[in-house]
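Below is one structure, written out as structure tokens, with a few remarks after it.
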Amino acid sequence: MNTNELFSLKNQVAVVTGGAGWIGSHISEALAEAGAHVYVADINEPNVTTCLERLRSRGLKADGWIGDILTDKTARAMIDDIAAATGRLDVLVNCAVKTKSSALDDVSFDDLQFSFEAASACLVTAQQAVLEMRKHGGGRIINIGSMYGQVTGYPDVYKDLVPPNPIPYQAAKAAVHHMTKYMAVYWAKDNIRVNAISPGPVPNPGKTAYSVNPAFQTFVERLSQRTPLGRVGTPDEFRGPALFLASAASSFITGQILFVDGGWTSW
Ligand SMILES: NC(=O)c1ccc[n+]([C@@H]2O[C@H](COP(=O)([O-])OP(=O)(O)OC[C@H]3O[C@@H](n4cnc5c(N)ncnc54)[C@H](O)[C@@H]3O)[C@@H](O)[C@H]2O)c1
């Protein structure tokens with residue numbers, strides 16, 4: 001296999017949950033550029049439409065699945081619908097997320113449960129995808145974790161600017177990292193590789209909470225100071241890592257958490 005073939009996803013089907021989002025839309029595009037038929041599975045219909053328009057205008061093969069995939073029933077239905085339409089499934093990227101922001105002293109049982117629905121969906125979409133992948137000799141699953149699944153935040157980064165990144169989010173991401181390793185070990189016999197990409201700070205200036213907050217620039221500066229590379233990340237910087245883990249280029253890699261964080265978790 002030459003290097004181009006190593007990174008090729010030609011004739012393969014990929015599903016990206018949260019695939020119309022800030023980072024997910026870049027992952028969707030990268031996998032489509034590599035030749036995959038990409039399904040953008042996301043609850044945000046306008047963003048799915050925009051994403052599909054961009055991909056199709058470039059001659060890439062992309063379809064949408066619009067709905068809430070963060071429940072047991074819908075997560076499984078989404079995979080079944082796509083597999084029924086395409087006859088196969090090679091790559092699953094679990095990128096969709098939801099959480100509630102509340103201070104540590106106020107976090108409730110329900111807040112924790114709410115955030116864990118996203119982690120649970122990672123598991124059930126993967127279970128359902130594996131049923132399809134086994135029929136065709138294997139596949140690749142990529143779960144999107146977070147640097148905050150490995151380390152917690154510095155309180156002074158958030159102080160007086162924005163609410164701290166909440167504990168239910170971080171606990172759920174730690175669960176995603178651990179489940180990645182578990183799935184990798186037990187599905188290896190099926191030739192299914194499971195890895196995680198763990199983003200560092202990639203703040204989205206378009207998010208309402210930020211764009212109305214004049215402190216956004218200060219927040220970015222504080223995050224940058226805590227990052228060895230001296231800056232925050234951009235969503236296009238997830239294209240390479242996602243394609244690497246989705247393709248034969250990473251054929252001997254499974255159960256790994258790839259930190260794409262500018263070095264944040266290294267010091
Ligand atoms: N941006 C960062 O700084 C950062 C840092 C660490 C980890 N991450 C992780 O990266 C991933 C992408 O984050 P992002 O910054 O692009 O966020 P985002 O909000 O832009 O993307 C999340 C996507 O998930 C979709 N989604 C939410 N609930 C859904 C549901 N119930 N069903 C289907 N789709 C649903 C949203 O519509 C959105 O398109 C997430 O898993 C996030 O936790 C992001």
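Each chain in the structure tokens gets a letter, A, B, ..., in the order shown, and its residues are numbered from 1; ligands are numbered from 1 in order too.
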Per-residue nearest contacts stretch 55-77 of chain A to stretch 31-48 of chain A, cut-off 10 Å, using only C-alpha atoms, as a Markdown table:
| residue | atom | partner | partner_atom | distance |
| --- | --- | --- | --- | --- |
| A:Leu55 | CA | A:Ala32 | CA | 7.7 |
| A:Arg56 | CA | A:Ala32 | CA | 9.7 |
| A:Arg58 | CA | A:Glu33 | CA | 9.1 |
| A:Gly59 | CA | A:Glu33 | CA | 9.2 |
| A:Leu60 | CA | A:Ala32 | CA | 5.9 |
| A:Lys61 | CA | A:His37 | CA | 4.9 |
| A:Ala62 | CA | A:Val38 | CA | 4.7 |
| A:Asp63 | CA | A:Tyr39 | CA | 4.9 |
| A:Gly64 | CA | A:Val40 | CA | 4.7 |
| A:Trp65 | CA | A:Ala41 | CA | 4.5 |
| A:Ile66 | CA | A:Asp42 | CA | 5.3 |
| A:Gly67 | CA | A:Ile43 | CA | 4.4 |
| A:Asp68 | CA | A:Ile43 | CA | 5.2 |
| A:Ile69 | CA | A:Asp42 | CA | 7.3 |
| A:Leu70 | CA | A:Ile43 | CA | 9.5 |
| A:Ala75 | CA | A:Ala41 | CA | 9.8 |
Go ahead and write the selection's residues with all heavy atoms as a tab-separated table (two decimals), in the first residue's frame.
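To be explicit, this is the file written out as result-v5.tsv:
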chain	number	residue	atom	x	y	z
A	55	LEU	N	-20.07	20.26	1.37
A	55	LEU	CA	-19.40	19.03	0.93
A	55	LEU	C	-19.82	18.65	-0.49
A	55	LEU	O	-18.99	18.35	-1.34
A	55	LEU	CB	-19.72	17.88	1.90
A	55	LEU	CG	-18.75	17.68	3.06
A	55	LEU	CD1	-18.53	18.93	3.89
A	55	LEU	CD2	-19.18	16.52	3.94
A	56	ARG	N	-21.14	18.73	-0.74
A	56	ARG	CA	-21.62	18.31	-2.07
A	56	ARG	C	-21.15	19.28	-3.16
A	56	ARG	O	-20.89	18.86	-4.29
A	56	ARG	CB	-23.15	18.23	-2.06
A	56	ARG	CG	-23.66	17.02	-1.26
A	56	ARG	CD	-25.15	17.07	-1.09
A	56	ARG	NE	-25.68	15.93	-0.36
A	56	ARG	CZ	-26.89	15.87	0.16
A	56	ARG	NH1	-27.73	16.88	0.03
A	56	ARG	NH2	-27.29	14.79	0.81
A	58	ARG	N	-18.45	20.51	-3.40
A	58	ARG	CA	-17.07	20.14	-3.72
A	58	ARG	C	-17.01	18.74	-4.36
A	58	ARG	O	-15.93	18.18	-4.51
A	58	ARG	CB	-16.22	20.17	-2.45
A	58	ARG	CG	-16.17	21.54	-1.79
A	58	ARG	CD	-15.15	21.56	-0.66
A	58	ARG	NE	-13.91	21.01	-1.11
A	58	ARG	CZ	-13.10	20.24	-0.37
A	58	ARG	NH1	-13.42	19.95	0.86
A	58	ARG	NH2	-11.98	19.77	-0.86
A	59	GLY	N	-18.18	18.19	-4.68
A	59	GLY	CA	-18.22	16.87	-5.33
A	59	GLY	C	-18.02	15.72	-4.37
A	59	GLY	O	-17.77	14.59	-4.78
A	60	LEU	N	-18.14	15.99	-3.06
A	60	LEU	CA	-17.94	14.92	-2.07
A	60	LEU	C	-19.27	14.23	-1.79
A	60	LEU	O	-20.34	14.82	-1.97
A	60	LEU	CB	-17.35	15.52	-0.78
A	60	LEU	CG	-16.04	16.29	-0.96
A	60	LEU	CD1	-15.61	16.96	0.34
A	60	LEU	CD2	-14.94	15.38	-1.49
A	61	LYS	N	-19.19	12.98	-1.34
A	61	LYS	CA	-20.39	12.18	-1.12
A	61	LYS	C	-20.83	12.31	0.34
A	61	LYS	O	-20.11	11.84	1.24
A	61	LYS	CB	-20.09	10.71	-1.47
A	61	LYS	CG	-21.32	9.94	-1.86
A	61	LYS	CD	-20.94	8.60	-2.47
A	61	LYS	CE	-22.21	7.79	-2.71
A	61	LYS	NZ	-21.94	6.41	-2.98
A	62	ALA	N	-21.97	12.95	0.56
A	62	ALA	CA	-22.40	13.17	1.94
A	62	ALA	C	-23.91	13.18	2.03
A	62	ALA	O	-24.61	13.65	1.13
A	62	ALA	CB	-21.85	14.51	2.44
A	63	ASP	N	-24.41	12.61	3.14
A	63	ASP	CA	-25.84	12.64	3.44
A	63	ASP	C	-26.00	13.00	4.90
A	63	ASP	O	-25.03	12.94	5.68
A	63	ASP	CB	-26.48	11.27	3.15
A	63	ASP	CG	-26.77	11.11	1.67
A	63	ASP	OD1	-27.60	11.88	1.16
A	63	ASP	OD2	-26.15	10.24	1.03
A	64	GLY	N	-27.24	13.31	5.26
A	64	GLY	CA	-27.49	13.70	6.65
A	64	GLY	C	-28.43	12.74	7.35
A	64	GLY	O	-29.22	12.04	6.72
A	65	TRP	N	-28.29	12.68	8.65
A	65	TRP	CA	-29.29	12.01	9.51
A	65	TRP	C	-29.58	13.02	10.61
A	65	TRP	O	-28.71	13.32	11.43
A	65	TRP	CB	-28.75	10.71	10.09
A	65	TRP	CG	-29.81	9.86	10.76
A	65	TRP	CD1	-30.49	8.82	10.20
A	65	TRP	CD2	-30.33	9.99	12.09
A	65	TRP	NE1	-31.39	8.30	11.09
A	65	TRP	CE2	-31.32	8.99	12.26
A	65	TRP	CE3	-30.07	10.85	13.16
A	65	TRP	CZ2	-32.03	8.82	13.46
A	65	TRP	CZ3	-30.77	10.70	14.34
A	65	TRP	CH2	-31.75	9.69	14.48
A	66	ILE	N	-30.78	13.55	10.58
A	66	ILE	CA	-31.09	14.64	11.51
A	66	ILE	C	-31.94	14.11	12.66
A	66	ILE	O	-32.98	13.48	12.45
A	66	ILE	CB	-31.82	15.77	10.76
A	66	ILE	CG1	-30.87	16.38	9.72
A	66	ILE	CG2	-32.28	16.86	11.74
A	66	ILE	CD1	-31.55	17.16	8.64
A	67	GLY	N	-31.49	14.33	13.87
A	67	GLY	CA	-32.25	13.90	15.04
A	67	GLY	C	-31.38	13.88	16.28
A	67	GLY	O	-30.18	14.17	16.22
A	68	ASP	N	-32.02	13.52	17.38
A	68	ASP	CA	-31.32	13.42	18.67
A	68	ASP	C	-30.71	12.03	18.77
A	68	ASP	O	-31.43	11.04	18.88
A	68	ASP	CB	-32.35	13.64	19.79
A	68	ASP	CG	-31.73	13.52	21.18
A	68	ASP	OD1	-30.54	13.18	21.28
A	68	ASP	OD2	-32.45	13.79	22.15
A	69	ILE	N	-29.39	11.95	18.71
A	69	ILE	CA	-28.78	10.61	18.79
A	69	ILE	C	-28.30	10.28	20.20
A	69	ILE	O	-27.69	9.24	20.42
A	69	ILE	CB	-27.61	10.44	17.79
A	69	ILE	CG1	-26.51	11.45	18.04
A	69	ILE	CG2	-28.07	10.51	16.36
A	69	ILE	CD1	-25.34	10.86	18.70
A	70	LEU	N	-28.60	11.17	21.16
A	70	LEU	CA	-28.09	10.93	22.50
A	70	LEU	C	-29.11	10.21	23.39
A	70	LEU	O	-29.25	10.51	24.57
A	70	LEU	CB	-27.61	12.24	23.14
A	70	LEU	CG	-26.46	12.92	22.36
A	70	LEU	CD1	-26.00	14.19	23.07
A	70	LEU	CD2	-25.27	11.99	22.17
A	75	ALA	N	-30.05	6.45	19.03
A	75	ALA	CA	-28.66	6.16	18.64
A	75	ALA	C	-28.62	4.87	17.82
A	75	ALA	O	-27.99	4.80	16.76
A	75	ALA	CB	-27.78	6.02	19.88
Using only C-alpha atoms and all ligand atoms, determine which residues fall within 6 Å of ligand 1, then list them as a PyMOL selection string. chain A and resi 18+20-24+42-44+67-70+95-98+144-146+199-203
Might you pull out every residue within 10 Å of A:Phe244, with only C-alpha atoms counted and same-chain residues fewer than 4 positions away left off, and present them as an NGL selection string? :A and (6-8 or 31 or 238-240 or 248-251)
Residues as selected, C-alpha atoms, written as a PDB file, in the first residue's frame, can you do that?
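What landed in out27.pdb:
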ATOM      1  CA  LEU A   6      -2.923   4.204   3.449  1.00  0.00           C
ATOM      2  CA  PHE A   7      -5.014   7.311   4.003  1.00  0.00           C
ATOM      3  CA  SER A   8      -7.766   6.451   1.524  1.00  0.00           C
ATOM      4  CA  LEU A  31     -13.301  11.798   5.799  1.00  0.00           C
ATOM      5  CA  PHE A 238      -8.723  17.712  13.812  1.00  0.00           C
ATOM      6  CA  ARG A 239      -8.828  16.677  10.157  1.00  0.00           C
ATOM      7  CA  GLY A 240      -5.444  14.973  10.121  1.00  0.00           C
ATOM      8  CA  ALA A 248      -5.187   2.068   7.403  1.00  0.00           C
ATOM      9  CA  ALA A 249      -2.464   4.582   8.282  1.00  0.00           C
ATOM     10  CA  SER A 250      -3.068   3.653  11.939  1.00  0.00           C
ATOM     11  CA  SER A 251      -3.540  -0.098  11.374  1.00  0.00           C
TER      12      SER A 251
END
Which parts of stretch 7-256 of chain A does DSSP call strand (DSSP E or B) when run on the backbone here, written out as a PyMOL selection string? chain A and resi 13-17+37-42+62-66+91-94+139-144+192-199
Counting only C-alpha atoms, what is within 10 Å of A:Pro241, bar same-chain residues fewer than 6 positions away, as a list in words? Ile27, Ala30, Ala196, Ile197, Ser250, Leu258, Phe259 and Val260 of chain A
Residue neighbourhood A:Asp80, 9 Å, only C-alpha atoms, exclusion window fewer than 6 positions, as a ChimeraX atom specification: /A:128-129,132
File of the preceding selection, N, CA, C and O atoms, as a tab-separated table (two decimals), in the first residue's frame:
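Everything below was put into result-v2.tsv:
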chain	number	residue	atom	x	y	z
A	128	GLN	N	-24.00	-0.83	18.21
A	128	GLN	CA	-24.83	-1.03	17.03
A	128	GLN	C	-23.97	-1.04	15.77
A	128	GLN	O	-24.22	-1.83	14.86
A	129	ALA	N	-22.96	-0.17	15.73
A	129	ALA	CA	-22.07	-0.11	14.56
A	129	ALA	C	-21.28	-1.40	14.42
A	129	ALA	O	-21.03	-1.89	13.31
A	132	GLU	N	-22.74	-4.12	12.34
A	132	GLU	CA	-22.54	-3.94	10.89
A	132	GLU	C	-21.10	-4.21	10.50
A	132	GLU	O	-20.83	-4.86	9.49
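For the residues A:Tyr158, A:Thr125, A:Asp111, A:Thr152, ranking by smallest atom-to-atom distance to A:Asp72 using only C-alpha atoms places A:Thr125 first.
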Considering only C-alpha atoms, give me a table of residues in stretch 48-137 of chain A that are at most 12 Å from stretch 166-172 of chain A, with the closest atom pair and distance in Å for each, as JSON lines.
{"residue": "A:Val97", "atom": "CA", "partner": "A:Tyr169", "partner_atom": "CA", "distance": 8.9}
{"residue": "A:Lys98", "atom": "CA", "partner": "A:Tyr169", "partner_atom": "CA", "distance": 8.0}
{"residue": "A:Thr99", "atom": "CA", "partner": "A:Tyr169", "partner_atom": "CA", "distance": 5.9}
{"residue": "A:Lys100", "atom": "CA", "partner": "A:Pro166", "partner_atom": "CA", "distance": 7.4}
{"residue": "A:Ser101", "atom": "CA", "partner": "A:Pro166", "partner_atom": "CA", "distance": 5.5}
{"residue": "A:Ser102", "atom": "CA", "partner": "A:Pro166", "partner_atom": "CA", "distance": 6.1}
{"residue": "A:Ala103", "atom": "CA", "partner": "A:Pro166", "partner_atom": "CA", "distance": 6.8}
{"residue": "A:Leu104", "atom": "CA", "partner": "A:Ile167", "partner_atom": "CA", "distance": 6.8}
{"residue": "A:Asp105", "atom": "CA", "partner": "A:Ile167", "partner_atom": "CA", "distance": 10.4}
{"residue": "A:Asp106", "atom": "CA", "partner": "A:Pro166", "partner_atom": "CA", "distance": 10.5}
{"residue": "A:Val107", "atom": "CA", "partner": "A:Ile167", "partner_atom": "CA", "distance": 8.0}
{"residue": "A:Ser108", "atom": "CA", "partner": "A:Pro168", "partner_atom": "CA", "distance": 9.3}
{"residue": "A:Phe109", "atom": "CA", "partner": "A:Pro168", "partner_atom": "CA", "distance": 9.4}
{"residue": "A:Asp110", "atom": "CA", "partner": "A:Pro168", "partner_atom": "CA", "distance": 9.7}
{"residue": "A:Asp111", "atom": "CA", "partner": "A:Pro168", "partner_atom": "CA", "distance": 6.7}
{"residue": "A:Leu112", "atom": "CA", "partner": "A:Pro168", "partner_atom": "CA", "distance": 4.8}
{"residue": "A:Gln113", "atom": "CA", "partner": "A:Pro168", "partner_atom": "CA", "distance": 8.0}
{"residue": "A:Phe114", "atom": "CA", "partner": "A:Pro168", "partner_atom": "CA", "distance": 8.2}
{"residue": "A:Ser115", "atom": "CA", "partner": "A:Pro168", "partner_atom": "CA", "distance": 5.7}
{"residue": "A:Phe116", "atom": "CA", "partner": "A:Ala172", "partner_atom": "CA", "distance": 5.2}
{"residue": "A:Glu117", "atom": "CA", "partner": "A:Ala172", "partner_atom": "CA", "distance": 8.5}
{"residue": "A:Ala118", "atom": "CA", "partner": "A:Ala172", "partner_atom": "CA", "distance": 7.6}
{"residue": "A:Ala119", "atom": "CA", "partner": "A:Ala172", "partner_atom": "CA", "distance": 5.8}
{"residue": "A:Ser120", "atom": "CA", "partner": "A:Ala172", "partner_atom": "CA", "distance": 8.8}
{"residue": "A:Ala121", "atom": "CA", "partner": "A:Ala172", "partner_atom": "CA", "distance": 11.0}
{"residue": "A:Cys122", "atom": "CA", "partner": "A:Ala172", "partner_atom": "CA", "distance": 10.5}
{"residue": "A:Leu123", "atom": "CA", "partner": "A:Ala172", "partner_atom": "CA", "distance": 11.9}
Pick from A:Ile142, A:Met1, A:His26, A:Leu223 nearest to A:Asp236, counting only C-alpha atoms: A:His26
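Considering the residues A:Ser57, A:Ser224, A:Asn143, A:Asn191 and counting only C-alpha atoms, A:Asp261 has its shortest atom-to-atom contact with A:Ser224.
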